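Visitor: So that you have it, the file is final.pdb, and it contains PDB, C-alpha atoms and all ligand atoms:
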ATOM      1  CA  MET A   1      -0.224  33.432   5.418  1.00  0.00           C
ATOM      2  CA  ALA A   2      -1.273  32.279   1.983  1.00  0.00           C
ATOM      3  CA  VAL A   3      -0.072  32.230  -1.597  1.00  0.00           C
ATOM      4  CA  LEU A   4      -2.707  33.978  -3.718  1.00  0.00           C
ATOM      5  CA  GLU A   5      -3.678  33.290  -7.322  1.00  0.00           C
ATOM      6  CA  ILE A   6      -2.141  35.724  -9.803  1.00  0.00           C
ATOM      7  CA  LEU A   7      -4.250  36.954 -12.741  1.00  0.00           C
ATOM      8  CA  GLU A   8      -2.589  36.582 -16.136  1.00  0.00           C
ATOM      9  CA  PHE A   9      -2.692  38.751 -19.250  1.00  0.00           C
ATOM     10  CA  PRO A  10      -5.055  39.198 -21.095  1.00  0.00           C
ATOM     11  CA  ASP A  11      -7.460  38.802 -18.134  1.00  0.00           C
ATOM     12  CA  PRO A  12      -9.734  41.908 -18.315  1.00  0.00           C
ATOM     13  CA  ARG A  13      -9.665  42.214 -14.501  1.00  0.00           C
ATOM     14  CA  LEU A  14      -6.048  43.431 -14.851  1.00  0.00           C
ATOM     15  CA  ARG A  15      -7.553  46.559 -16.506  1.00  0.00           C
ATOM     16  CA  THR A  16      -9.412  47.623 -13.343  1.00  0.00           C
ATOM     17  CA  LYS A  17      -8.386  50.979 -11.860  1.00  0.00           C
ATOM     18  CA  ALA A  18      -7.791  50.454  -8.135  1.00  0.00           C
ATOM     19  CA  THR A  19      -9.341  52.753  -5.529  1.00  0.00           C
ATOM     20  CA  PRO A  20      -7.521  54.226  -2.496  1.00  0.00           C
ATOM     21  CA  VAL A  21      -7.116  52.232   0.702  1.00  0.00           C
ATOM     22  CA  GLU A  22      -9.443  54.062   3.111  1.00  0.00           C
ATOM     23  CA  ARG A  23      -8.368  52.518   6.411  1.00  0.00           C
ATOM     24  CA  VAL A  24      -5.396  50.361   7.326  1.00  0.00           C
ATOM     25  CA  THR A  25      -6.764  47.462   9.365  1.00  0.00           C
ATOM     26  CA  SER A  26      -5.787  43.897  10.262  1.00  0.00           C
ATOM     27  CA  VAL A  27      -7.461  42.864   6.997  1.00  0.00           C
ATOM     28  CA  THR A  28      -5.109  45.183   5.070  1.00  0.00           C
ATOM     29  CA  ARG A  29      -2.072  43.819   6.928  1.00  0.00           C
ATOM     30  CA  LYS A  30      -3.146  40.221   6.222  1.00  0.00           C
ATOM     31  CA  LEU A  31      -3.435  41.107   2.523  1.00  0.00           C
ATOM     32  CA  ILE A  32       0.059  42.693   2.596  1.00  0.00           C
ATOM     33  CA  ASP A  33       1.521  39.554   4.222  1.00  0.00           C
ATOM     34  CA  ASP A  34      -0.205  37.284   1.700  1.00  0.00           C
ATOM     35  CA  MET A  35       0.996  39.447  -1.196  1.00  0.00           C
ATOM     36  CA  LEU A  36       4.590  39.338   0.109  1.00  0.00           C
ATOM     37  CA  GLU A  37       4.386  35.556   0.474  1.00  0.00           C
ATOM     38  CA  THR A  38       2.930  35.277  -3.049  1.00  0.00           C
ATOM     39  CA  MET A  39       5.685  37.504  -4.474  1.00  0.00           C
ATOM     40  CA  TYR A  40       8.516  35.614  -2.714  1.00  0.00           C
ATOM     41  CA  ALA A  41       7.045  32.228  -3.696  1.00  0.00           C
ATOM     42  CA  ALA A  42       6.811  33.159  -7.402  1.00  0.00           C
ATOM     43  CA  PRO A  43       9.632  34.344  -7.141  1.00  0.00           C
ATOM     44  CA  GLY A  44       9.163  37.985  -8.082  1.00  0.00           C
ATOM     45  CA  ILE A  45      10.452  41.425  -7.117  1.00  0.00           C
ATOM     46  CA  GLY A  46       7.116  43.273  -7.146  1.00  0.00           C
ATOM     47  CA  LEU A  47       3.389  42.614  -6.917  1.00  0.00           C
ATOM     48  CA  ALA A  48       0.390  44.957  -7.072  1.00  0.00           C
ATOM     49  CA  ALA A  49      -2.970  44.137  -5.437  1.00  0.00           C
ATOM     50  CA  THR A  50      -4.615  44.300  -8.888  1.00  0.00           C
ATOM     51  CA  GLN A  51      -2.663  41.167  -9.857  1.00  0.00           C
ATOM     52  CA  VAL A  52      -4.352  39.179  -7.073  1.00  0.00           C
ATOM     53  CA  ASN A  53      -7.766  40.613  -8.017  1.00  0.00           C
ATOM     54  CA  ILE A  54      -7.945  43.110  -5.134  1.00  0.00           C
ATOM     55  CA  HIS A  55      -8.625  46.538  -6.575  1.00  0.00           C
ATOM     56  CA  GLN A  56      -7.117  48.722  -3.869  1.00  0.00           C
ATOM     57  CA  ARG A  57      -4.065  50.979  -4.223  1.00  0.00           C
ATOM     58  CA  LEU A  58      -1.507  48.753  -2.526  1.00  0.00           C
ATOM     59  CA  LEU A  59       1.730  47.213  -3.757  1.00  0.00           C
ATOM     60  CA  VAL A  60       4.701  45.330  -2.384  1.00  0.00           C
ATOM     61  CA  MET A  61       8.231  44.931  -3.687  1.00  0.00           C
ATOM     62  CA  ASP A  62      11.670  43.662  -2.691  1.00  0.00           C
ATOM     63  CA  VAL A  63      14.535  44.475  -5.022  1.00  0.00           C
ATOM     64  CA  SER A  64      17.279  43.409  -2.590  1.00  0.00           C
ATOM     65  CA  GLU A  65      19.780  40.667  -3.510  1.00  0.00           C
ATOM     66  CA  ASP A  66      19.020  38.507  -0.494  1.00  0.00           C
ATOM     67  CA  LYS A  67      15.256  39.173  -0.446  1.00  0.00           C
ATOM     68  CA  THR A  68      15.254  40.610   3.049  1.00  0.00           C
ATOM     69  CA  ALA A  69      13.986  44.125   2.304  1.00  0.00           C
ATOM     70  CA  PRO A  70      10.214  44.061   1.783  1.00  0.00           C
ATOM     71  CA  MET A  71       8.735  47.440   0.841  1.00  0.00           C
ATOM     72  CA  VAL A  72       5.035  48.259   1.185  1.00  0.00           C
ATOM     73  CA  PHE A  73       3.292  51.204  -0.488  1.00  0.00           C
ATOM     74  CA  LEU A  74      -0.355  52.091   0.165  1.00  0.00           C
ATOM     75  CA  ASN A  75      -1.911  54.880  -1.930  1.00  0.00           C
ATOM     76  CA  PRO A  76       1.426  55.672  -3.643  1.00  0.00           C
ATOM     77  CA  GLU A  77       1.781  59.063  -5.368  1.00  0.00           C
ATOM     78  CA  LEU A  78       4.614  59.318  -7.828  1.00  0.00           C
ATOM     79  CA  SER A  79       6.546  62.353  -8.995  1.00  0.00           C
ATOM     80  CA  VAL A  80       9.253  62.263 -11.603  1.00  0.00           C
ATOM     81  CA  LEU A  81      12.498  63.881 -10.413  1.00  0.00           C
ATOM     82  CA  ASP A  82      14.535  63.390 -13.523  1.00  0.00           C
ATOM     83  CA  THR A  83      12.852  63.181 -16.917  1.00  0.00           C
ATOM     84  CA  GLU A  84      15.876  61.317 -18.256  1.00  0.00           C
ATOM     85  CA  LEU A  85      14.703  57.880 -19.372  1.00  0.00           C
ATOM     86  CA  ASP A  86      16.386  54.570 -18.679  1.00  0.00           C
ATOM     87  CA  GLU A  87      15.776  51.262 -20.446  1.00  0.00           C
ATOM     88  CA  TYR A  88      15.207  48.061 -18.524  1.00  0.00           C
ATOM     89  CA  ASP A  89      14.193  44.545 -19.515  1.00  0.00           C
ATOM     90  CA  GLU A  90      10.929  44.169 -17.631  1.00  0.00           C
ATOM     91  CA  GLY A  91       8.941  41.075 -16.846  1.00  0.00           C
ATOM     92  CA  CYS A  92       5.716  40.584 -14.917  1.00  0.00           C
ATOM     93  CA  LEU A  93       4.198  37.796 -12.858  1.00  0.00           C
ATOM     94  CA  SER A  94       0.996  38.390 -14.869  1.00  0.00           C
ATOM     95  CA  VAL A  95       2.891  37.942 -18.162  1.00  0.00           C
ATOM     96  CA  PRO A  96       4.943  34.804 -17.385  1.00  0.00           C
ATOM     97  CA  GLY A  97       7.850  33.937 -19.626  1.00  0.00           C
ATOM     98  CA  PHE A  98       8.199  37.306 -21.384  1.00  0.00           C
ATOM     99  CA  TYR A  99      10.787  40.047 -20.850  1.00  0.00           C
ATOM    100  CA  GLU A 100      10.887  43.168 -23.018  1.00  0.00           C
ATOM    101  CA  THR A 101      12.688  46.510 -22.906  1.00  0.00           C
ATOM    102  CA  VAL A 102      10.705  49.453 -21.527  1.00  0.00           C
ATOM    103  CA  SER A 103      11.888  53.080 -21.049  1.00  0.00           C
ATOM    104  CA  ARG A 104      10.872  54.999 -17.948  1.00  0.00           C
ATOM    105  CA  PRO A 105      12.077  58.025 -15.934  1.00  0.00           C
ATOM    106  CA  GLN A 106      15.156  56.885 -13.996  1.00  0.00           C
ATOM    107  CA  LYS A 107      14.595  58.790 -10.767  1.00  0.00           C
ATOM    108  CA  VAL A 108      11.281  59.250  -8.928  1.00  0.00           C
ATOM    109  CA  THR A 109       9.922  60.361  -5.589  1.00  0.00           C
ATOM    110  CA  VAL A 110       7.033  58.512  -4.000  1.00  0.00           C
ATOM    111  CA  THR A 111       4.774  59.496  -1.144  1.00  0.00           C
ATOM    112  CA  ALA A 112       2.739  56.674   0.362  1.00  0.00           C
ATOM    113  CA  LEU A 113       1.510  55.048   3.537  1.00  0.00           C
ATOM    114  CA  GLY A 114       3.453  52.155   5.036  1.00  0.00           C
ATOM    115  CA  ARG A 115       2.246  48.883   6.540  1.00  0.00           C
ATOM    116  CA  ASP A 116       0.900  50.587   9.661  1.00  0.00           C
ATOM    117  CA  GLY A 117      -0.639  53.498   7.807  1.00  0.00           C
ATOM    118  CA  GLU A 118       2.270  55.863   8.522  1.00  0.00           C
ATOM    119  CA  PRO A 119       2.989  58.385   5.741  1.00  0.00           C
ATOM    120  CA  PHE A 120       6.487  58.455   4.232  1.00  0.00           C
ATOM    121  CA  THR A 121       8.307  59.846   1.224  1.00  0.00           C
ATOM    122  CA  CYS A 122      11.285  58.297  -0.516  1.00  0.00           C
ATOM    123  CA  GLU A 123      13.441  58.817  -3.537  1.00  0.00           C
ATOM    124  CA  LEU A 124      14.099  55.798  -5.753  1.00  0.00           C
ATOM    125  CA  GLU A 125      16.372  55.093  -8.693  1.00  0.00           C
ATOM    126  CA  GLY A 126      17.644  52.079 -10.594  1.00  0.00           C
ATOM    127  CA  LEU A 127      15.673  48.848 -10.372  1.00  0.00           C
ATOM    128  CA  ALA A 128      13.581  50.119  -7.435  1.00  0.00           C
ATOM    129  CA  ALA A 129      12.372  53.091  -9.532  1.00  0.00           C
ATOM    130  CA  VAL A 130      11.556  50.818 -12.492  1.00  0.00           C
ATOM    131  CA  CYS A 131       9.710  48.340 -10.298  1.00  0.00           C
ATOM    132  CA  LEU A 132       7.699  50.998  -8.457  1.00  0.00           C
ATOM    133  CA  GLN A 133       6.535  52.579 -11.746  1.00  0.00           C
ATOM    134  CA  HIS A 134       5.662  49.140 -13.144  1.00  0.00           C
ATOM    135  CA  GLU A 135       3.579  48.313 -10.050  1.00  0.00           C
ATOM    136  CA  ILE A 136       1.811  51.708  -9.952  1.00  0.00           C
ATOM    137  CA  ASP A 137       0.870  51.094 -13.598  1.00  0.00           C
ATOM    138  CA  HIS A 138      -0.917  47.914 -12.454  1.00  0.00           C
ATOM    139  CA  LEU A 139      -3.001  49.980 -10.005  1.00  0.00           C
ATOM    140  CA  ASN A 140      -4.090  52.075 -13.008  1.00  0.00           C
ATOM    141  CA  GLY A 141      -4.957  49.010 -15.105  1.00  0.00           C
ATOM    142  CA  LYS A 142      -1.819  49.294 -17.210  1.00  0.00           C
ATOM    143  CA  LEU A 143       0.663  46.532 -18.108  1.00  0.00           C
ATOM    144  CA  PHE A 144       4.232  46.693 -19.433  1.00  0.00           C
ATOM    145  CA  VAL A 145       3.042  45.058 -22.663  1.00  0.00           C
ATOM    146  CA  ASP A 146       1.091  48.284 -23.356  1.00  0.00           C
ATOM    147  CA  TYR A 147       4.454  49.979 -24.072  1.00  0.00           C
ATOM    148  CA  LEU A 148       5.327  47.411 -26.777  1.00  0.00           C
ATOM    149  CA  SER A 149       4.321  47.379 -30.441  1.00  0.00           C
ATOM    150  CA  PRO A 150       0.834  45.991 -31.173  1.00  0.00           C
ATOM    151  CA  LEU A 151       2.504  43.079 -32.981  1.00  0.00           C
ATOM    152  CA  LYS A 152       4.624  42.088 -29.989  1.00  0.00           C
ATOM    153  CA  ARG A 153       1.651  42.480 -27.659  1.00  0.00           C
ATOM    154  CA  GLN A 154      -0.485  40.284 -29.932  1.00  0.00           C
ATOM    155  CA  ARG A 155       2.187  37.554 -30.003  1.00  0.00           C
ATOM    156  CA  ILE A 156       2.389  37.548 -26.211  1.00  0.00           C
ATOM    157  CA  ARG A 157      -1.415  37.505 -25.903  1.00  0.00           C
ATOM    158  CA  ARG A 158      -1.780  34.528 -28.276  1.00  0.00           C
ATOM    159  CA  LYS A 159       0.949  32.510 -26.552  1.00  0.00           C
ATOM    160  CA  LEU A 160      -0.486  33.110 -23.070  1.00  0.00           C
ATOM    161  CA  GLU A 161      -4.064  32.371 -24.218  1.00  0.00           C
ATOM    162  CA  LYS A 162      -2.810  29.072 -25.608  1.00  0.00           C
ATOM    163  CA  ASP A 163      -0.938  28.243 -22.360  1.00  0.00           C
ATOM    164  CA  GLN A 164      -4.062  29.089 -20.353  1.00  0.00           C
ATOM    165  CA  ARG A 165      -6.296  26.872 -22.552  1.00  0.00           C
ATOM    166  CA  GLN A 166      -3.891  23.976 -22.136  1.00  0.00           C
ATOM    167  CA  ARG A 167      -3.908  24.369 -18.360  1.00  0.00           C
ATOM    168  CA  VAL A 168      -7.718  23.948 -17.929  1.00  0.00           C
TER     169      VAL A 168
HETATM  170  C1  LIG A 201       8.119  43.840 -12.117  1.00  0.00           C
HETATM  171  O1  LIG A 201       8.108  41.498 -11.984  1.00  0.00           O
HETATM  172  C2  LIG A 201       9.469  44.134 -12.719  1.00  0.00           C
HETATM  173  O2  LIG A 201       8.056  36.019 -16.552  1.00  0.00           O
HETATM  174  C3  LIG A 201       8.106  42.650 -11.194  1.00  0.00           C
HETATM  175  O3  LIG A 201       8.214  33.517 -15.638  1.00  0.00           O
HETATM  176  C4  LIG A 201      10.212  43.161 -13.382  1.00  0.00           C
HETATM  177  O4  LIG A 201       8.641  40.153 -10.317  1.00  0.00           O
HETATM  178  C5  LIG A 201       9.981  45.389 -12.627  1.00  0.00           C
HETATM  179  C6  LIG A 201       8.566  36.744 -13.020  1.00  0.00           C
HETATM  180  C7  LIG A 201      11.440  43.462 -13.927  1.00  0.00           C
HETATM  181  C8  LIG A 201      11.213  45.668 -13.161  1.00  0.00           C
HETATM  182  C9  LIG A 201      11.951  44.712 -13.801  1.00  0.00           C
HETATM  183  C10 LIG A 201       8.346  36.923 -14.372  1.00  0.00           C
HETATM  184  C11 LIG A 201       8.651  35.449 -12.536  1.00  0.00           C
HETATM  185  C12 LIG A 201       8.652  37.873 -12.094  1.00  0.00           C
HETATM  186  C13 LIG A 201       8.251  35.844 -15.231  1.00  0.00           C
HETATM  187  C14 LIG A 201       8.405  40.271 -11.484  1.00  0.00           C
HETATM  188  C15 LIG A 201       8.334  34.547 -14.743  1.00  0.00           C
HETATM  189  C16 LIG A 201       8.545  34.355 -13.387  1.00  0.00           C
HETATM  190  C17 LIG A 201       8.388  39.155 -12.436  1.00  0.00           C
HETATM  191 CO    CO A 202       3.714  43.287 -13.259  1.00  0.00          CO
END
As structure tokens, please, write out the structure in this file.
Guide:
Amino acid sequence: MAVLEILEFPDPRLRTKATPVERVTSVTRKLIDDMLETMYAAPGIGLAATQVNIHQRLLVMDVSEDKTAPMVFLNPELSVLDTELDEYDEGCLSVPGFYETVSRPQKVTVTALGRDGEPFTCELEGLAAVCLQHEIDHLNGKLFVDYLSPLKRQRIRRKLEKDQRQRV
């Protein structure tokens, strides 16, 4: 397994719209394992393939306390069960050091393929629902900073650009 490099905002590659996973192969499963290792190492609770510069519709998450419940979603399709919105302070491995409040539907249903390509449907609420919506946004080239005011987004962009310049 391997820890992969995570793209950081405002990298334009984070704006790529991912395409469906066509076939679940050993290459797909290796990518899933590497993404889980990358997420746990960070540490994070969710990671989309877009963030590791792979533009396929695949995401992993683990919102459990003890980090023993990895979840894998290939080609996820979301439907909103309850249009009631809930606020959550979101962060992102691609936007390190920033947490901001975002409102999203509090209850969703997702249909996807699992690690072995088996279809499943599940209902999510709470942090799992927030995280899933955040990660599906990544697959569509969208980031949580897009929900903030242009001023806040600009401040975050400038700070991260400065950090990135100082790192090279
Ligand atoms: C998405 O984000 C998420 O800034 C997953 O310095 C986050 O795992 C969904 C992280 C919150 C819902 C609520 C962020 C790690 C991890 C940072 C993450 C950082 C180190 C973020
Ligand atoms: Co994110």
Visitor: Box for ligand LIG 201 (chain A) - axis-aligned, 5 Å on each of the six sides, all listed atoms - centre and size in Å to one decimal, as JSON.
Guide:
{"center_x": 10.0, "center_y": 39.6, "center_z": -13.4, "size_x": 13.9, "size_y": 22.2, "size_z": 16.2}
Visitor: Restricting the calculation to only C-alpha atoms and all ligand atoms, which member of A:Glu125, A:Glu77, A:Asp146, A:Glu22 is positioned closest to ligand CO 202 (chain A)?
Guide: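 Among the listed residues, A:Asp146 lies closest to ligand CO 202 (chain A).
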Visitor: Could you state the separation of atom CA of Thr28 of chain A and atom CA of Leu4 of chain A in Å, given to one decimal place?
Guide: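 Atom CA of Leu4 of chain A lies at a distance of 14.4 Å from atom CA of Thr28 of chain A.
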Visitor: Identify all residues satisfying the PyMOL selection byres (((not hetatm)) within 9 of (chain A and resi 202)) in the given file; provide them as a PyMOL selection string.
Guide: chain A and resi 46-48+51+90-95+131+134-135+137-138+143-144
Visitor: Name the residues in contact with Val24 of chain A at a cut-off of 8 Å, using all atoms listed in the file, excluding same-chain residues fewer than 4 positions from it; report them as a list of chain:residue names.
Guide: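 The neighbour list is A:Thr28, A:Arg29, A:Arg115, A:Asp116, A:Gly117.
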Visitor: For C-alpha atoms, I'd like the residues from the last selection saved as a compact mmCIF listing (two decimals), keeping the file's coordinate frame.
Guide:
# COMPACT_ATOMS: atom_id res chain seq x y z
CA THR A 28 -5.11 45.18 5.07
CA ARG A 29 -2.07 43.82 6.93
CA ARG A 115 2.25 48.88 6.54
CA ASP A 116 0.90 50.59 9.66
CA GLY A 117 -0.64 53.50 7.81
